[in-house]
file structure-v4.txt (compact mmCIF, C-alpha atoms)
# COMPACT_ATOMS: atom_id res chain seq x y z
CA MET A 1 93.02 70.96 119.01
CA LYS A 2 89.78 71.54 117.11
CA ASP A 3 88.15 73.16 120.15
CA TYR A 4 90.95 75.75 120.22
CA SER A 5 90.93 76.72 116.53
CA ILE A 6 90.27 80.44 116.20
CA TYR A 7 90.64 80.83 112.43
CA ILE A 8 90.75 78.43 109.45
CA ASP A 9 91.19 79.12 105.75
CA THR A 10 92.28 77.11 102.71
CA ASP A 11 95.76 76.15 103.86
CA SER A 12 96.19 77.34 107.44
CA ILE A 13 94.78 77.01 110.95
CA TYR A 14 95.37 79.40 113.86
CA VAL A 15 95.15 77.77 117.27
CA GLY A 16 94.61 79.57 120.58
CA ILE A 17 97.43 78.03 122.61
CA GLU A 18 96.84 80.28 125.60
CA GLN A 19 93.29 78.95 126.02
CA TRP A 20 94.63 75.40 125.83
CA ILE A 21 97.15 76.27 128.53
CA LYS A 22 94.39 77.72 130.71
CA ASP A 23 92.42 74.50 130.37
CA ASN A 24 95.27 72.01 130.77
CA THR A 25 98.15 73.52 132.73
CA SER A 26 98.94 76.16 135.31
CA MET A 27 98.29 79.75 134.20
CA HIS A 28 100.34 80.94 137.19
CA LYS A 29 103.44 79.19 135.86
CA TRP A 30 102.69 80.38 132.32
CA ASN A 31 102.38 84.01 133.40
CA ASN A 32 105.73 83.83 135.16
CA LEU A 33 107.56 82.82 131.97
CA ASP A 34 109.28 85.51 129.92
CA LYS A 35 108.49 85.93 126.21
CA SER A 36 111.37 83.74 124.95
CA GLN A 37 110.38 80.92 127.32
CA LYS A 38 106.77 81.11 126.12
CA ILE A 39 107.88 80.95 122.49
CA ASP A 40 110.08 77.92 123.25
CA TYR A 41 107.17 76.20 125.00
CA ILE A 42 104.81 76.89 122.08
CA ASN A 43 107.43 75.54 119.65
CA ARG A 44 107.57 72.27 121.58
CA ILE A 45 103.77 71.98 121.56
CA SER A 46 103.76 72.71 117.83
CA LYS A 47 106.18 69.87 117.13
CA VAL A 48 103.84 67.43 118.85
CA ILE A 49 100.86 68.75 116.86
CA GLU A 50 102.83 68.63 113.59
CA GLU A 51 103.83 65.00 114.12
CA GLU A 52 100.27 63.92 114.99
CA VAL A 53 98.72 65.75 112.03
CA ASN A 54 101.31 64.58 109.51
CA VAL A 55 101.19 60.92 110.57
CA ARG A 56 97.40 60.86 110.44
CA SER A 57 97.18 62.74 107.15
CA PHE A 58 99.51 60.20 105.55
CA ASN A 59 97.93 57.09 107.06
CA GLU A 60 94.27 58.12 106.89
CA VAL A 61 94.12 60.41 103.87
CA GLN A 62 96.99 59.73 101.51
CA LYS A 63 97.25 55.91 101.94
CA ILE A 64 93.56 55.11 102.32
CA HIS A 65 91.57 57.75 100.42
CA TYR A 66 94.14 58.41 97.67
CA ASN A 67 95.69 54.93 97.66
CA SER A 68 99.19 56.42 97.58
CA GLN A 69 102.08 54.66 99.33
CA ASP A 70 104.74 57.03 97.97
CA THR A 71 106.63 58.41 100.97
CA ASP A 72 108.56 60.86 98.77
CA PHE A 73 105.37 62.88 98.30
CA LYS A 74 104.02 63.06 101.80
CA ILE A 75 101.92 66.11 102.61
CA ASN A 76 103.61 67.85 105.52
CA PHE A 77 102.09 70.55 107.67
CA GLU A 78 104.42 72.89 109.55
CA GLN A 79 104.17 75.65 112.06
CA GLU A 80 104.22 78.97 110.21
CA LYS A 81 103.95 81.70 112.83
CA ILE A 82 103.69 82.43 116.51
CA ILE A 83 101.57 85.49 117.12
CA GLN A 84 100.97 87.55 120.22
CA ALA A 85 97.48 88.59 119.12
CA GLY A 86 95.26 88.51 116.05
CA LEU A 87 92.26 90.42 114.79
CA PHE A 88 90.12 88.34 112.42
CA SER A 89 87.33 89.81 110.31
CA THR A 90 86.36 87.30 107.62
CA LYS A 91 88.25 84.74 105.53
CA LYS A 92 91.57 86.14 104.30
CA ARG A 93 90.98 89.38 106.20
CA TYR A 94 92.97 89.71 109.40
CA ALA A 95 95.77 91.47 111.26
CA LEU A 96 98.50 89.67 113.20
CA TRP A 97 101.04 90.78 115.77
CA THR A 98 103.78 88.28 114.85
CA LEU A 99 106.58 87.23 117.21
CA LEU A 100 108.06 84.41 115.14
CA ASP A 101 107.74 83.93 111.36
CA GLY A 102 109.15 80.52 110.52
CA SER A 103 112.46 80.62 112.35
CA LYS A 104 112.83 84.41 112.15
CA PRO A 105 112.05 86.52 115.25
CA LYS A 106 109.72 89.45 114.58
CA ASN A 107 107.79 91.96 116.60
CA ASP A 108 105.52 93.70 114.15
CA VAL A 109 101.95 93.92 112.93
CA SER A 110 101.03 92.68 109.45
CA VAL A 111 97.69 93.13 107.69
CA THR A 112 96.11 90.75 105.18
CA GLY A 113 92.99 91.76 103.30
CA LEU A 114 91.75 94.37 105.78
CA GLU A 115 91.27 97.55 103.76
CA VAL A 116 92.30 99.92 106.51
CA ILE A 117 95.89 100.67 105.54
CA ARG A 118 95.72 101.17 101.78
CA SER A 119 98.37 102.38 99.37
CA ASP A 120 96.18 105.35 98.38
CA SER A 121 95.66 106.48 101.99
CA PRO A 122 97.25 109.80 103.02
CA GLU A 123 100.79 109.18 104.22
CA ILE A 124 100.09 110.97 107.49
CA VAL A 125 97.19 108.57 108.24
CA LYS A 126 98.94 105.23 107.69
CA PRO A 127 101.10 105.23 110.87
CA MET A 128 98.13 106.51 112.90
CA VAL A 129 95.86 103.64 111.84
CA LYS A 130 98.65 101.12 112.35
CA LYS A 131 99.30 102.40 115.87
CA ILE A 132 95.59 102.13 116.74
CA LEU A 133 95.62 98.59 115.37
CA LYS A 134 98.58 97.81 117.64
CA MET A 135 96.77 99.33 120.61
CA ILE A 136 93.74 97.12 119.91
CA LEU A 137 95.90 94.01 119.58
CA ASN A 138 97.70 94.95 122.78
CA ASP A 139 94.31 95.37 124.51
CA ASP A 140 95.11 98.95 125.57
CA THR A 141 92.60 100.70 127.80
CA ASP A 142 89.63 102.63 126.40
CA SER A 143 91.02 105.88 127.76
CA HIS A 144 94.40 105.43 126.03
CA ILE A 145 92.83 104.60 122.67
CA ARG A 146 90.26 107.41 122.92
CA LYS A 147 92.97 109.92 123.83
CA TYR A 148 95.15 108.89 120.88
CA ILE A 149 92.20 109.11 118.46
CA ARG A 150 91.52 112.69 119.63
CA GLU A 151 95.19 113.59 119.16
CA CYS A 152 95.14 112.16 115.63
CA LYS A 153 92.02 114.08 114.65
CA LYS A 154 93.45 117.30 116.00
CA LYS A 155 96.68 116.81 114.07
CA LEU A 156 94.82 115.91 110.86
CA ASN A 157 92.54 118.92 111.15
CA ASN A 158 95.58 121.20 111.24
CA CYS A 159 97.78 119.61 108.60
CA LEU A 160 98.50 120.78 105.04
CA PRO A 161 96.33 119.85 102.03
CA SER A 162 99.21 117.80 100.61
CA ASP A 163 99.37 115.80 103.86
CA ILE A 164 95.66 114.92 104.06
CA ALA A 165 95.31 114.22 100.31
CA GLU A 166 94.63 110.73 98.96
CA ASN A 167 97.23 109.28 96.58
CA LYS A 168 95.64 108.26 93.30
CA GLY A 169 96.98 107.11 89.96
CA ILE A 170 95.77 109.39 87.15
CA ASN A 171 94.78 107.80 83.85
CA ASN A 172 92.45 108.36 80.87
CA ILE A 173 92.40 112.17 81.16
CA THR A 174 91.74 112.67 77.46
CA LYS A 175 89.04 110.00 77.54
CA TYR A 176 87.00 111.86 80.15
CA VAL A 177 88.08 115.53 79.92
CA THR A 178 87.66 117.71 76.82
CA LYS A 179 90.15 120.33 75.65
CA ASP A 180 87.96 122.93 77.40
CA ASN A 181 88.27 120.98 80.67
CA VAL A 182 84.68 119.79 80.62
CA CYS A 183 84.14 116.38 82.22
CA LYS A 184 82.13 113.68 80.47
CA LYS A 185 79.58 111.46 82.21
CA GLY A 186 81.17 108.80 84.39
CA THR A 187 84.41 110.66 84.99
CA PRO A 188 86.27 109.30 88.08
CA HIS A 189 86.52 111.87 90.86
CA GLN A 190 90.33 112.04 90.70
CA VAL A 191 90.10 112.89 86.97
CA LYS A 192 87.38 115.47 87.69
CA GLY A 193 89.91 116.92 90.09
CA VAL A 194 92.40 117.30 87.22
CA ALA A 195 89.85 119.35 85.24
CA ALA A 196 89.20 121.51 88.32
CA TYR A 197 92.94 122.02 88.81
CA ARG A 198 93.42 123.17 85.22
CA LYS A 199 90.44 125.51 85.38
CA LEU A 200 91.76 127.14 88.55
CA ILE A 201 95.21 127.53 87.01
CA ASP A 202 93.61 129.37 84.07
CA LEU A 203 91.25 131.48 86.21
CA LEU A 204 94.08 132.57 88.51
CA LYS A 205 96.35 133.21 85.49
CA ILE A 206 99.25 131.18 86.88
CA GLN A 207 99.87 129.02 83.81
CA GLY A 208 103.43 127.70 83.65
CA LYS A 209 104.11 128.37 87.32
CA TYR A 210 103.08 124.89 88.44
CA GLU A 211 103.38 121.46 86.88
CA ASP A 212 100.46 120.21 84.80
CA ILE A 213 99.02 116.75 85.49
CA GLN A 214 99.51 114.05 82.86
CA ASN A 215 98.37 110.46 82.39
CA GLY A 216 100.44 108.14 84.55
CA ASN A 217 101.11 110.75 87.23
CA LYS A 218 100.49 109.91 90.88
CA GLY A 219 98.20 112.72 91.96
CA LYS A 220 97.06 114.00 95.32
CA VAL A 221 93.28 114.30 95.66
CA VAL A 222 91.23 116.30 98.16
CA TYR A 223 87.52 117.01 98.59
CA LEU A 224 86.57 120.67 98.73
CA MET A 225 84.18 122.76 100.78
CA LYS A 226 81.33 124.36 98.83
CA ASN A 227 82.77 126.97 96.47
CA LYS A 228 81.65 129.36 93.72
CA PHE A 229 83.15 127.12 91.02
CA ASN A 230 81.10 124.07 92.09
CA PHE A 231 84.25 121.94 92.29
CA ASN A 232 83.78 118.89 94.53
CA SER A 233 87.35 117.62 94.35
CA LEU A 234 90.77 118.83 93.30
CA THR A 235 93.75 116.83 92.06
CA PHE A 236 97.26 118.26 92.25
CA ILE A 237 100.91 117.30 92.39
CA THR A 238 102.07 120.43 94.21
CA TRP A 239 99.54 122.51 96.14
CA CYS A 240 99.37 126.02 94.69
CA LYS A 241 99.41 128.67 97.41
CA GLU A 242 97.14 130.83 95.24
CA PHE A 243 94.37 128.25 95.71
CA ASP A 244 94.05 129.26 99.37
CA LYS A 245 92.40 132.52 98.28
CA VAL A 246 89.49 130.87 96.45
CA ILE A 247 88.93 127.30 97.75
CA ARG A 248 89.09 125.39 101.03
CA VAL A 249 89.78 121.70 101.58
CA ASP A 250 86.97 119.81 103.30
CA PHE A 251 89.13 118.47 106.13
CA GLN A 252 86.16 116.99 107.96
CA LYS A 253 85.23 114.82 104.96
CA MET A 254 88.86 113.84 104.33
CA ILE A 255 89.31 112.81 107.96
CA GLN A 256 86.00 110.94 107.99
CA ASN A 257 86.82 108.96 104.83
CA ASN A 258 90.48 108.25 105.43
CA PHE A 259 90.77 107.98 109.21
CA THR A 260 87.49 107.69 111.09
CA LYS A 261 85.87 105.05 108.86
CA LYS A 262 89.01 102.92 108.80
CA VAL A 263 89.46 103.06 112.56
CA GLU A 264 85.78 102.31 113.04
CA LYS A 265 86.12 99.09 111.01
CA LEU A 266 88.86 97.95 113.39
CA LEU A 267 87.01 98.92 116.55
CA LEU A 268 83.82 97.21 115.36
CA LEU A 269 85.69 93.89 115.31
CA VAL A 270 86.23 94.16 119.08
CA ASN A 271 82.96 95.98 119.88
CA ARG A 272 84.77 99.17 120.90
CA GLN A 273 83.44 101.55 118.24
CA HIS A 274 82.14 103.85 120.98
CA LEU A 275 85.72 105.07 121.44
CA LEU A 276 85.39 107.11 118.26
CA TYR A 277 82.47 109.15 119.51
CA SER A 278 82.44 111.08 122.73
CA ASN A 279 81.57 114.57 123.87
CA THR A 280 85.22 115.57 123.67
CA ASN A 281 85.80 114.40 120.10
CA LEU A 282 86.33 117.00 117.41
CA PHE A 283 83.70 115.56 115.05

call {"tool": "encode", "arguments": {"input": "structure-v4.txt", "output": "structure tokens"}}
result
Amino acid sequence: MKDYSIYIDTDSIYVGIEQWIKDNTSMHKWNNLDKSQKIDYINRISKVIEEEVNVRSFNEVQKIHYNSQDTDFKINFEQEKIIQAGLFSTKKRYALWTLLDGSKPKNDVSVTGLEVIRSDSPEIVKPMVKKILKMILNDDTDSHIRKYIRECKKKLNNCLPSDIAENKGINNITKYVTKDNVCKKGTPHQVKGVAAYRKLIDLLKIQGKYEDIQNGNKGKVVYLMKNKFNFNSLTFITWCKEFDKVIRVDFQKMIQNNFTKKVEKLLLLVNRQHLLYSNTNLF
């Protein structure tokens, strides 16, 4: 099956069964099978491959190269998954639409190593990126994907600051921020945002009305439009409505960093990055 291997890493090989079927059997018959029949057929092929690989690995590797005759410690390779589609970037970086995981039926997309759906991403963005990933794996049309991207950008451009904010762990505030809320050199941007938050609270004289940010808090971080305070970012737990009078969130930058760039990485893998940029896009 070496000619049909589509991805190999340390302990696994993904084989393109459909291409093998195209080359060796009737695609017409294959296309007329329902999903469960296809899975059953692939399972039977896998058993044949497993037996061949395991017999040869024992006879040619373990017995000859390692001089081991111990049958209790045979190396056995097994089928792990059946997937409908996969998107492979580099080693240990891929997305799979899995139909069968071991013996358990599934119908979901999982991501390994691809930094497109991160824990610190805005909650509103995660399902959007995952849906676009599904659309790519499902080979949806350009027009459908482009339309959904426009809908996402429109929704993101009109959401609340707390929705578009990144989720960041806050640590070492006292290490980087003085008692006068002055940031030292090398301060991480989410910690700079804490200093900006405290300064605004003082300037607007709303101390005690909103929760202060402490080490260990999970903060929400946004980039800001140019403002008279020269704040580039702001970290908060609850957005203060009084902030709306003096600062504005840079939604374009937030969308670019947390949505557009992530989607572009996915589309680049299938040479469809042009779907992000058209005359009707918002940005």

call {"tool": "residues_around", "arguments": {"input": "structure-v4.txt", "residues": "Asn258 (chain A)", "least_positions_apart": "2", "cutoff": "8 Å", "atoms": "all atoms listed in the file", "output": "NGL selection string"}}
result
:A and (121-122 or 125 or 254-256 or 260-262)

call {"tool": "closest_atom_pairs", "arguments": {"input": "structure-v4.txt", "of": "region 104-183 of chain A", "to": "region 33-54 of chain A", "cutoff": "12 Å", "atoms": "all atoms listed in the file", "output": "CSV"}}
result
residue,atom,partner,partner_atom,distance
A:Lys104,CA,A:Ile39,CA,12.0
A:Pro105,CA,A:Ile39,CA,10.0
A:Lys106,CA,A:Ile39,CA,11.8
A:Asn107,CA,A:Lys35,CA,11.4

call {"tool": "residues_near_point", "arguments": {"input": "structure-v4.txt", "point": "(100.0, 87.3, 105.5)", "cutoff": "10 Å", "atoms": "only C-alpha atoms", "output": "PyMOL selection string"}}
result
chain A and resi 92-96+110-113

call {"tool": "atom_distance", "arguments": {"input": "structure-v4.txt", "atom1": "CA of Ile237 (chain A)", "atom2": "CA of Lys220 (chain A)"}}
result
5.9 Å

call {"tool": "atom_distance", "arguments": {"input": "structure-v4.txt", "atom1": "CA of Asn157 (chain A)", "atom2": "CA of Leu200 (chain A)"}}
result
24.1 Å

call {"tool": "closest_residue", "arguments": {"input": "structure-v4.txt", "among": "A:Glu151, A:His189, A:Phe243, A:Val55", "to": "Leu203 (chain A)", "atoms": "all atoms listed in the file"}}
result
A:Phe243

call {"tool": "closest_residue", "arguments": {"input": "structure-v4.txt", "among": "A:Lys130, A:Gly193, A:Ile247, A:Asp23", "to": "Glu115 (chain A)", "atoms": "only C-alpha atoms"}}
result
A:Lys130
